[in-house]
file target.pdb (PDB, C-alpha atoms)
ATOM      1  CA  MET A 180     -11.065  19.620   3.410
ATOM      2  CA  LEU A 181     -11.669  16.111   2.103
ATOM      3  CA  ALA A 182     -15.125  14.541   2.220
ATOM      4  CA  SER A 183     -15.931  12.597   5.373
ATOM      5  CA  HIS A 184     -17.793   9.734   3.667
ATOM      6  CA  PHE A 185     -19.173   8.387   0.401
ATOM      7  CA  TYR A 186     -21.936   6.073   1.667
ATOM      8  CA  GLU A 187     -24.578   7.829   3.731
ATOM      9  CA  GLY A 188     -25.262   6.274   7.122
ATOM     10  CA  LEU A 189     -22.986   3.225   6.750
ATOM     11  CA  ILE A 190     -19.809   2.193   8.559
ATOM     12  CA  GLU A 191     -17.343   2.871   5.776
ATOM     13  CA  ALA A 192     -13.769   1.618   5.383
ATOM     14  CA  GLY A 193     -11.319   3.436   3.128
ATOM     15  CA  CYS A 194      -8.606   1.381   1.409
ATOM     16  CA  ASP A 195      -5.388   2.239  -0.403
ATOM     17  CA  GLU A 196      -2.088   0.550  -1.251
ATOM     18  CA  ALA A 197       1.578   1.507  -1.440
ATOM     19  CA  GLY A 198       4.443   0.028  -3.416
ATOM     20  CA  ARG A 199       2.638  -1.123  -6.519
ATOM     21  CA  GLY A 200       5.250   0.274  -8.914
ATOM     22  CA  CYS A 201       8.300  -0.884  -6.946
ATOM     23  CA  LEU A 202      10.879  -3.335  -8.229
ATOM     24  CA  ALA A 203      11.472  -4.787  -4.770
ATOM     25  CA  GLY A 204       9.614  -5.422  -1.554
ATOM     26  CA  SER A 205       6.110  -6.378  -0.546
ATOM     27  CA  VAL A 206       3.058  -4.358  -1.475
ATOM     28  CA  TYR A 207       1.274  -2.863   1.543
ATOM     29  CA  ALA A 208      -2.347  -1.814   1.898
ATOM     30  CA  ALA A 209      -4.351  -0.274   4.712
ATOM     31  CA  ALA A 210      -8.003  -0.139   5.654
ATOM     32  CA  VAL A 211      -9.296   2.624   7.926
ATOM     33  CA  ILE A 212     -12.686   3.311   9.497
ATOM     34  CA  LEU A 213     -12.955   6.864  10.815
ATOM     35  CA  PRO A 214     -15.591   8.087  13.271
ATOM     36  CA  ASP A 215     -18.836   9.400  11.833
ATOM     37  CA  GLY A 216     -18.468  13.114  11.051
ATOM     38  CA  TYR A 217     -14.713  13.007  11.594
ATOM     39  CA  GLU A 218     -12.774  16.132  10.615
ATOM     40  CA  ASN A 219      -9.063  16.619  10.123
ATOM     41  CA  PRO A 220      -8.049  19.362   7.679
ATOM     42  CA  LEU A 221      -4.480  18.013   7.527
ATOM     43  CA  LEU A 222      -5.488  14.706   5.953
ATOM     44  CA  ASN A 223      -4.522  14.394   2.299
ATOM     45  CA  ASP A 224      -3.120  11.995  -0.258
ATOM     46  CA  SER A 225       0.148  10.723   1.273
ATOM     47  CA  LYS A 226       2.068  11.734  -1.868
ATOM     48  CA  GLN A 227       1.137  15.374  -1.184
ATOM     49  CA  LEU A 228       2.568  15.317   2.339
ATOM     50  CA  THR A 229       6.092  15.586   3.678
ATOM     51  CA  GLU A 230       7.578  12.520   5.333
ATOM     52  CA  LYS A 231       7.443  14.251   8.729
ATOM     53  CA  ARG A 232       3.760  15.126   8.305
ATOM     54  CA  ARG A 233       2.909  11.579   7.198
ATOM     55  CA  TYR A 234       4.340  10.125  10.393
ATOM     56  CA  GLU A 235       2.631  12.757  12.537
ATOM     57  CA  LEU A 236      -0.669  11.925  10.869
ATOM     58  CA  ARG A 237      -0.103   8.186  11.270
ATOM     59  CA  ASP A 238      -0.119   8.620  15.035
ATOM     60  CA  ILE A 239      -3.272  10.754  14.855
ATOM     61  CA  ILE A 240      -5.067   8.304  12.550
ATOM     62  CA  GLN A 241      -4.236   5.339  14.760
ATOM     63  CA  ARG A 242      -5.455   7.244  17.812
ATOM     64  CA  ASP A 243      -8.676   8.530  16.261
ATOM     65  CA  ALA A 244      -9.779   5.694  13.968
ATOM     66  CA  VAL A 245     -12.637   3.409  14.924
ATOM     67  CA  ALA A 246     -10.500   0.634  13.418
ATOM     68  CA  TRP A 247      -7.446   0.343  11.207
ATOM     69  CA  ALA A 248      -5.261  -2.436   9.829
ATOM     70  CA  VAL A 249      -2.448  -3.076   7.370
ATOM     71  CA  GLY A 250      -2.260  -5.977   4.907
ATOM     72  CA  ILE A 251       0.877  -7.260   3.170
ATOM     73  CA  VAL A 252       1.530  -9.350   0.054
ATOM     74  CA  THR A 253       5.073 -10.634  -0.510
ATOM     75  CA  PRO A 254       7.228 -10.360  -3.641
ATOM     76  CA  GLU A 255       6.830 -14.109  -4.211
ATOM     77  CA  GLU A 256       3.059 -13.750  -4.164
ATOM     78  CA  ILE A 257       3.246 -10.722  -6.465
ATOM     79  CA  ASP A 258       5.236 -12.754  -8.995
ATOM     80  CA  ARG A 259       2.718 -15.567  -8.782
ATOM     81  CA  ILE A 260      -0.572 -13.642  -9.035
ATOM     82  CA  ASN A 261       0.538 -10.274 -10.582
ATOM     83  CA  ILE A 262       0.619  -6.865  -8.930
ATOM     84  CA  LEU A 263      -3.020  -5.922  -9.564
ATOM     85  CA  ASN A 264      -4.291  -9.053  -7.842
ATOM     86  CA  ALA A 265      -1.648  -8.637  -5.130
ATOM     87  CA  SER A 266      -2.716  -5.054  -4.420
ATOM     88  CA  ILE A 267      -6.342  -6.117  -4.075
ATOM     89  CA  LEU A 268      -5.349  -9.093  -1.915
ATOM     90  CA  ALA A 269      -3.381  -6.770   0.379
ATOM     91  CA  MET A 270      -6.514  -4.624   0.797
ATOM     92  CA  HIS A 271      -8.602  -7.715   1.543
ATOM     93  CA  ARG A 272      -6.043  -8.806   4.132
ATOM     94  CA  ALA A 273      -6.222  -5.386   5.765
ATOM     95  CA  LEU A 274     -10.035  -5.565   5.795
ATOM     96  CA  ASP A 275      -9.836  -9.060   7.334
ATOM     97  CA  GLN A 276      -7.970  -7.618  10.325
ATOM     98  CA  LEU A 277     -10.350  -4.768  11.138
ATOM     99  CA  THR A 278     -11.848  -5.099  14.609
ATOM    100  CA  VAL A 279     -15.047  -3.446  13.382
ATOM    101  CA  ARG A 280     -16.804  -4.885  10.333
ATOM    102  CA  PRO A 281     -17.404  -2.261   7.638
ATOM    103  CA  GLU A 282     -20.784  -1.975   5.954
ATOM    104  CA  ALA A 283     -19.249  -0.414   2.833
ATOM    105  CA  ILE A 284     -15.809   0.024   1.301
ATOM    106  CA  ILE A 285     -14.294   2.877  -0.727
ATOM    107  CA  VAL A 286     -11.090   2.178  -2.629
ATOM    108  CA  ASP A 287      -8.527   4.416  -4.283
ATOM    109  CA  GLY A 288      -8.182   3.692  -8.005
ATOM    110  CA  ASN A 289     -10.429   1.947 -10.499
ATOM    111  CA  ARG A 290      -9.996  -1.779  -9.771
ATOM    112  CA  PHE A 291     -11.176  -3.914  -6.879
ATOM    113  CA  LYS A 292     -12.735  -7.322  -6.290
ATOM    114  CA  PRO A 293     -15.814  -7.850  -4.128
ATOM    115  CA  TYR A 294     -14.955  -8.477  -0.504
ATOM    116  CA  HIS A 295     -16.902 -11.387   0.999
ATOM    117  CA  PRO A 296     -16.065 -11.969   4.673
ATOM    118  CA  ALA A 297     -17.634 -15.043   6.218
ATOM    119  CA  VAL A 298     -20.175 -14.330   8.941
ATOM    120  CA  GLY A 299     -21.602 -17.318  10.751
ATOM    121  CA  GLY A 300     -20.156 -19.572   8.065
ATOM    122  CA  SER A 301     -21.817 -17.691   5.212
ATOM    123  CA  PRO A 302     -20.133 -15.109   2.962
ATOM    124  CA  VAL A 303     -21.462 -11.558   3.199
ATOM    125  CA  ASN A 304     -21.321  -9.177   0.247
ATOM    126  CA  ILE A 305     -20.099  -5.732   1.321
ATOM    127  CA  PRO A 306     -20.738  -2.987  -1.257
ATOM    128  CA  HIS A 307     -17.705  -1.177  -2.595
ATOM    129  CA  THR A 308     -16.928   1.813  -4.796
ATOM    130  CA  THR A 309     -13.649   2.564  -6.562
ATOM    131  CA  ILE A 310     -12.703   6.234  -6.748
ATOM    132  CA  VAL A 311      -9.948   7.498  -9.025
ATOM    133  CA  LYS A 312      -7.631   9.749  -6.994
ATOM    134  CA  GLY A 313      -9.799   8.940  -3.997
ATOM    135  CA  ASP A 314      -6.871   9.543  -1.640
ATOM    136  CA  GLY A 315      -7.251  13.231  -2.456
ATOM    137  CA  LYS A 316     -11.056  13.209  -2.093
ATOM    138  CA  TYR A 317     -12.080  11.139   0.943
ATOM    139  CA  MET A 318     -10.555  11.193   4.412
ATOM    140  CA  ALA A 319     -10.716   7.438   5.040
ATOM    141  CA  ILE A 320      -8.841   6.689   1.798
ATOM    142  CA  ALA A 321      -6.297   9.428   2.557
ATOM    143  CA  ALA A 322      -5.794   7.927   6.015
ATOM    144  CA  ALA A 323      -5.307   4.477   4.478
ATOM    145  CA  SER A 324      -2.772   5.887   2.014
ATOM    146  CA  ILE A 325      -0.772   7.382   4.890
ATOM    147  CA  LEU A 326      -0.720   4.146   6.888
ATOM    148  CA  ALA A 327       0.179   2.008   3.869
ATOM    149  CA  LYS A 328       2.939   4.383   2.815
ATOM    150  CA  THR A 329       4.552   4.845   6.227
ATOM    151  CA  TYR A 330       4.465   1.169   7.189
ATOM    152  CA  ARG A 331       5.929   0.202   3.839
ATOM    153  CA  ASP A 332       8.631   2.850   4.190
ATOM    154  CA  ASP A 333       9.547   1.432   7.605
ATOM    155  CA  TYR A 334       9.814  -2.032   6.041
ATOM    156  CA  MET A 335      12.003  -0.847   3.150
ATOM    157  CA  ASN A 336      14.257   1.071   5.559
ATOM    158  CA  GLU A 337      14.859  -2.191   7.427
ATOM    159  CA  LEU A 338      15.606  -4.061   4.186
ATOM    160  CA  ALA A 339      18.050  -1.292   3.251
ATOM    161  CA  LYS A 340      20.175  -2.210   6.262
ATOM    162  CA  GLU A 341      20.467  -5.739   4.883
ATOM    163  CA  TYR A 342      21.123  -4.624   1.288
ATOM    164  CA  PRO A 343      22.534  -1.067   1.430
ATOM    165  CA  GLN A 344      23.829  -1.064  -2.159
ATOM    166  CA  TYR A 345      20.328  -0.701  -3.643
ATOM    167  CA  ASP A 346      19.633   2.672  -1.958
ATOM    168  CA  TRP A 347      16.281   1.458  -0.653
ATOM    169  CA  GLN A 348      16.387   3.881   2.273
ATOM    170  CA  LYS A 349      15.889   6.603  -0.355
ATOM    171  CA  ASN A 350      14.076   5.004  -3.305
ATOM    172  CA  LYS A 351      11.969   2.561  -1.227
ATOM    173  CA  GLY A 352      12.288  -0.014  -4.003
ATOM    174  CA  TYR A 353      11.084   2.196  -6.858
ATOM    175  CA  PRO A 354      12.903   2.035 -10.229
ATOM    176  CA  THR A 355      15.423   4.822  -9.851
ATOM    177  CA  LYS A 356      18.609   4.952 -11.903
ATOM    178  CA  LYS A 357      20.726   4.050  -8.865
ATOM    179  CA  HIS A 358      18.489   1.087  -8.013
ATOM    180  CA  ARG A 359      18.700  -0.322 -11.537
ATOM    181  CA  GLU A 360      22.446   0.233 -11.699
ATOM    182  CA  ALA A 361      22.825  -1.733  -8.458
ATOM    183  CA  ILE A 362      20.744  -4.609  -9.863
ATOM    184  CA  ARG A 363      22.987  -4.623 -12.937
ATOM    185  CA  GLN A 364      26.130  -4.640 -10.793
ATOM    186  CA  TYR A 365      25.154  -6.863  -7.850
ATOM    187  CA  GLY A 366      22.252  -8.928  -9.188
ATOM    188  CA  THR A 367      18.897  -9.464  -7.536
ATOM    189  CA  THR A 368      17.930 -10.127  -3.922
ATOM    190  CA  PRO A 369      15.227 -12.364  -2.455
ATOM    191  CA  TYR A 370      13.093  -9.222  -2.217
ATOM    192  CA  HIS A 371      13.114  -8.305  -5.905
ATOM    193  CA  ARG A 372       9.993  -8.940  -7.974
ATOM    194  CA  MET A 373      11.302 -11.298 -10.616
ATOM    195  CA  SER A 374       8.283 -10.874 -12.896
ATOM    196  CA  TYR A 375       9.153  -7.186 -13.314
ATOM    197  CA  ASN A 376      11.400  -5.627 -15.942
ATOM    198  CA  LEU A 377      14.064  -4.900 -13.352
ATOM    199  CA  LEU A 378      16.667  -3.402 -15.653
ATOM    200  CA  GLY A 379      14.283  -1.275 -17.697
ATOM    201  CA  ASP A 380      15.477  -2.893 -20.917
ATOM    202  CA  GLY A 381      12.225  -4.540 -21.937
ATOM    203  CA  GLN A 382      13.364  -7.971 -20.747
ATOM    204  CA  LEU A 383      11.626  -9.775 -17.921
ATOM    205  CA  SER A 384      14.150 -10.457 -15.202
ATOM    206  CA  LEU A 385      13.249 -14.110 -14.749
ATOM    207  CA  GLN A 386      16.319 -14.818 -16.887
ATOM    208  CA  PHE A 387      18.546 -12.555 -14.783
ATOM    209  CA  GLU A 388      21.183 -14.367 -12.761
ATOM    210  CA  ASP A 389      21.533 -13.749  -9.023
TER     211      ASP A 389
END

call {"tool": "encode", "arguments": {"input": "target.pdb", "output": "C-alpha cells"}}
result
Amino acid sequence: MLASHFYEGLIEAGCDEAGRGCLAGSVYAAAVILPDGYENPLLNDSKQLTEKRRYELRDIIQRDAVAWAVGIVTPEEIDRINILNASILAMHRALDQLTVRPEAIIVDGNRFKPYHPAVGGSPVNIPHTTIVKGDGKYMAIAAASILAKTYRDDYMNELAKEYPQYDWQKNKGYPTKKHREAIRQYGTTPYHRMSYNLLGDGQLSLQFED
C-alpha cells in the first residue's frame, strides 16, 4: 500500500497533473488532502489503473477527502508560458480552490514553484517537496493523479464530439499516428497547442495553416 503522508503531523496536499504531453487540450491538475491515517489499498498511480477503476476511485476520493480541487490551464496559456509553467500553474490553481488550507504540499515529479497563498493580505510560504514517481508512492498524489486524469478525460471526450476526426475520445489529445494524420489532413483546431511540434516533423506548428 502507498504511504499515507510525507510530512509528519501536517495537513498535507498531494498534487499531480494530466495532459502535459498532449498536442491538444488544456492541462489539468488536482490537489487532494486525505484524512490523517487514511488507508485505501486500491489507490495507485492512475496510469496503472483501468479506466473503470479510475472512475470508481474518483467517487471514493471525492467522498473521503478532507478537500479536493481541480485546476485547469488552457492551450492558449500553455503556448504563452510553456507547458512546465502551465502544469505548475494548474497545480497552484487547484491549491487555490481547496476549502482547507494545506500546511505542506507533495508534488509528483521534480519541478514545482513555491506556493504563496495570501492570508490576511500577506503571502504565506507553504513548504513543498517534489517526488519523482510520487503517484506510485504516496496516496494523496495518487488520488490527485486519478482526479486530474479522469476530469481531463471527460473534457477531451466532450471535445471529441465537436471534432471527431482527431480520435480524441481514444487518444485524449496525445500524439498518436491517427491524431497526427488528422492534423495533416484537416489542419489544427482552436484546442491544439500551437507551440508544439504537432506533426512530429521537427517543425513548430506556428507556421501550420488552419

call {"tool": "atom_distance", "arguments": {"input": "target.pdb", "atom1": "atom CA of Asp258 of chain A", "atom2": "atom CA of Ile305 of chain A"}}
result
28.2 Å

call {"tool": "residues_around", "arguments": {"input": "target.pdb", "residues": "Glu337 of chain A", "least_positions_apart": "4", "cutoff": "12 Å", "atoms": "only C-alpha atoms", "output": "list in words"}}
result
Gly204, Tyr330, Arg331, Asp332, Asp333, Glu341, Tyr342, Pro343, Asp346, Trp347, Gln348, Lys349, Lys351 and Gly352 of chain A

call {"tool": "resolve_selection", "arguments": {"input": "target.pdb", "expression": "the PyMOL selection byres ((chain A and resi 190) around 8)", "output": "PyMOL selection string"}}
result
chain A and resi 188-189+191-192+212+215+280-283

call {"tool": "resolve_selection", "arguments": {"input": "target.pdb", "expression": "the PyMOL selection byres ((chain A and resi 235) around 12)", "output": "short mmCIF file (atom, residue, chain, number, x, y, z; two decimals) with C-alpha atoms, keeping the file's coordinate frame"}}
result
data_model
loop_
_atom_site.label_atom_id
_atom_site.label_comp_id
_atom_site.auth_asym_id
_atom_site.auth_seq_id
_atom_site.Cartn_x
_atom_site.Cartn_y
_atom_site.Cartn_z
CA LEU A 221 -4.48 18.01 7.53
CA LEU A 222 -5.49 14.71 5.95
CA SER A 225 0.15 10.72 1.27
CA LEU A 228 2.57 15.32 2.34
CA THR A 229 6.09 15.59 3.68
CA GLU A 230 7.58 12.52 5.33
CA LYS A 231 7.44 14.25 8.73
CA ARG A 232 3.76 15.13 8.30
CA ARG A 233 2.91 11.58 7.20
CA TYR A 234 4.34 10.12 10.39
CA LEU A 236 -0.67 11.92 10.87
CA ARG A 237 -0.10 8.19 11.27
CA ASP A 238 -0.12 8.62 15.04
CA ILE A 239 -3.27 10.75 14.86
CA ILE A 240 -5.07 8.30 12.55
CA GLN A 241 -4.24 5.34 14.76
CA ARG A 242 -5.46 7.24 17.81
CA ALA A 322 -5.79 7.93 6.02
CA ILE A 325 -0.77 7.38 4.89
CA LEU A 326 -0.72 4.15 6.89
CA THR A 329 4.55 4.84 6.23
#

call {"tool": "residues_around", "arguments": {"input": "target.pdb", "residues": "Tyr353 of chain A", "least_positions_apart": "2", "cutoff": "9 Å", "atoms": "only C-alpha atoms", "output": "list in words"}}
result
Gly198, Gly200, Cys201, Leu202, Ala203, Trp347, Asn350, Lys351, Thr355 and His358 of chain A

call {"tool": "atom_distance", "arguments": {"input": "target.pdb", "atom1": "atom CA of Val298 of chain A", "atom2": "atom CA of Asp314 of chain A"}}
result
29.3 Å

call {"tool": "closest_residue", "arguments": {"input": "target.pdb", "among": "A:Thr253, A:Ser374, A:Ser324, A:Thr278", "to": "Ala209 of chain A", "atoms": "only C-alpha atoms"}}
result
A:Ser324

call {"tool": "atom_distance", "arguments": {"input": "target.pdb", "atom1": "atom CA of Leu274 of chain A", "atom2": "atom CA of Ala248 of chain A"}}
result
7.0 Å

call {"tool": "closest_residue", "arguments": {"input": "target.pdb", "among": "A:Val211, A:Ala244, A:Ser205, A:Asp275", "to": "Pro369 of chain A", "atoms": "all atoms listed in the file"}}
result
A:Ser205

call {"tool": "closest_residue", "arguments": {"input": "target.pdb", "among": "A:Cys194, A:His307, A:Ile320, A:Val206", "to": "Ile262 of chain A", "atoms": "all atoms listed in the file"}}
result
A:Val206

call {"tool": "resolve_selection", "arguments": {"input": "target.pdb", "expression": "the PyMOL selection byres ((chain A and resi 290-297) around 8)", "output": "ChimeraX atom specification"}}
result
/A:267,271,275,286,288-289,298-307,309

call {"tool": "closest_residue", "arguments": {"input": "target.pdb", "among": "A:Lys312, A:Leu263, A:Thr368, A:Lys328", "to": "Tyr345 of chain A", "atoms": "all atoms listed in the file"}}
result
A:Thr368

call {"tool": "build_atoms", "arguments": {"input": "target.pdb", "residues": "segment 218-248 of chain A", "atoms": "N, CA and C atoms", "output": "mmCIF file, keeping the file's coordinate frame"}}
result
data_model
loop_
_atom_site.group_PDB
_atom_site.id
_atom_site.type_symbol
_atom_site.label_atom_id
_atom_site.label_comp_id
_atom_site.auth_asym_id
_atom_site.auth_seq_id
_atom_site.Cartn_x
_atom_site.Cartn_y
_atom_site.Cartn_z
ATOM 1 N N GLU A 218 -13.392 15.027 11.344
ATOM 2 C CA GLU A 218 -12.774 16.132 10.615
ATOM 3 C C GLU A 218 -11.302 16.228 10.968
ATOM 4 N N ASN A 219 -10.488 16.349 9.939
ATOM 5 C CA ASN A 219 -9.063 16.619 10.123
ATOM 6 C C ASN A 219 -8.581 17.315 8.855
ATOM 7 N N PRO A 220 -8.416 18.618 8.880
ATOM 8 C CA PRO A 220 -8.049 19.362 7.679
ATOM 9 C C PRO A 220 -6.651 19.045 7.158
ATOM 10 N N LEU A 221 -5.838 18.349 7.961
ATOM 11 C CA LEU A 221 -4.480 18.013 7.527
ATOM 12 C C LEU A 221 -4.433 16.752 6.679
ATOM 13 N N LEU A 222 -5.485 15.950 6.719
ATOM 14 C CA LEU A 222 -5.488 14.706 5.953
ATOM 15 C C LEU A 222 -5.470 14.991 4.458
ATOM 16 N N ASN A 223 -4.606 14.249 3.756
ATOM 17 C CA ASN A 223 -4.522 14.394 2.299
ATOM 18 C C ASN A 223 -3.838 13.154 1.744
ATOM 19 N N ASP A 224 -3.869 13.026 0.437
ATOM 20 C CA ASP A 224 -3.120 11.995 -0.258
ATOM 21 C C ASP A 224 -1.683 11.986 0.278
ATOM 22 N N SER A 225 -1.183 10.808 0.655
ATOM 23 C CA SER A 225 0.148 10.723 1.273
ATOM 24 C C SER A 225 1.240 11.297 0.378
ATOM 25 N N LYS A 226 1.043 11.224 -0.939
ATOM 26 C CA LYS A 226 2.068 11.734 -1.868
ATOM 27 C C LYS A 226 2.167 13.261 -1.823
ATOM 28 N N GLN A 227 1.149 13.909 -1.286
ATOM 29 C CA GLN A 227 1.137 15.374 -1.184
ATOM 30 C C GLN A 227 1.695 15.879 0.136
ATOM 31 N N LEU A 228 2.114 14.952 1.000
ATOM 32 C CA LEU A 228 2.568 15.317 2.339
ATOM 33 C C LEU A 228 4.068 15.082 2.486
ATOM 34 N N THR A 229 4.693 15.840 3.361
ATOM 35 C CA THR A 229 6.092 15.586 3.678
ATOM 36 C C THR A 229 6.192 14.307 4.514
ATOM 37 N N GLU A 230 7.378 13.725 4.539
ATOM 38 C CA GLU A 230 7.578 12.520 5.333
ATOM 39 C C GLU A 230 7.255 12.786 6.810
ATOM 40 N N LYS A 231 7.705 13.910 7.327
ATOM 41 C CA LYS A 231 7.443 14.251 8.729
ATOM 42 C C LYS A 231 5.949 14.335 9.007
ATOM 43 N N ARG A 232 5.210 14.989 8.108
ATOM 44 C CA ARG A 232 3.760 15.126 8.305
ATOM 45 C C ARG A 232 3.060 13.771 8.209
ATOM 46 N N ARG A 233 3.529 12.909 7.309
ATOM 47 C CA ARG A 233 2.909 11.579 7.198
ATOM 48 C C ARG A 233 3.004 10.821 8.508
ATOM 49 N N TYR A 234 4.178 10.866 9.135
ATOM 50 C CA TYR A 234 4.340 10.125 10.393
ATOM 51 C C TYR A 234 3.566 10.775 11.540
ATOM 52 N N GLU A 235 3.466 12.080 11.542
ATOM 53 C CA GLU A 235 2.631 12.757 12.537
ATOM 54 C C GLU A 235 1.174 12.336 12.376
ATOM 55 N N LEU A 236 0.719 12.299 11.125
ATOM 56 C CA LEU A 236 -0.669 11.925 10.869
ATOM 57 C C LEU A 236 -0.923 10.450 11.145
ATOM 58 N N ARG A 237 0.088 9.608 10.949
ATOM 59 C CA ARG A 237 -0.103 8.186 11.270
ATOM 60 C C ARG A 237 -0.492 8.024 12.734
ATOM 61 N N ASP A 238 0.204 8.713 13.611
ATOM 62 C CA ASP A 238 -0.119 8.620 15.035
ATOM 63 C C ASP A 238 -1.537 9.110 15.314
ATOM 64 N N ILE A 239 -1.925 10.194 14.656
ATOM 65 C CA ILE A 239 -3.272 10.754 14.855
ATOM 66 C C ILE A 239 -4.329 9.799 14.332
ATOM 67 N N ILE A 240 -4.101 9.243 13.147
ATOM 68 C CA ILE A 240 -5.067 8.304 12.550
ATOM 69 C C ILE A 240 -5.249 7.090 13.453
ATOM 70 N N GLN A 241 -4.144 6.535 13.920
ATOM 71 C CA GLN A 241 -4.236 5.339 14.760
ATOM 72 C C GLN A 241 -4.932 5.633 16.091
ATOM 73 N N ARG A 242 -4.780 6.848 16.565
ATOM 74 C CA ARG A 242 -5.455 7.244 17.812
ATOM 75 C C ARG A 242 -6.944 7.461 17.588
ATOM 76 N N ASP A 243 -7.295 8.097 16.472
ATOM 77 C CA ASP A 243 -8.676 8.530 16.261
ATOM 78 C C ASP A 243 -9.567 7.510 15.557
ATOM 79 N N ALA A 244 -8.983 6.610 14.790
ATOM 80 C CA ALA A 244 -9.779 5.694 13.968
ATOM 81 C C ALA A 244 -10.630 4.760 14.826
ATOM 82 N N VAL A 245 -11.798 4.452 14.314
ATOM 83 C CA VAL A 245 -12.637 3.409 14.924
ATOM 84 C C VAL A 245 -11.918 2.069 14.808
ATOM 85 N N ALA A 246 -11.288 1.844 13.655
ATOM 86 C CA ALA A 246 -10.500 0.634 13.418
ATOM 87 C C ALA A 246 -9.544 0.903 12.262
ATOM 88 N N TRP A 247 -8.400 0.247 12.312
ATOM 89 C CA TRP A 247 -7.446 0.343 11.207
ATOM 90 C C TRP A 247 -6.618 -0.929 11.162
ATOM 91 N N ALA A 248 -6.101 -1.242 9.980
ATOM 92 C CA ALA A 248 -5.261 -2.436 9.829
ATOM 93 C C ALA A 248 -4.437 -2.303 8.561
#
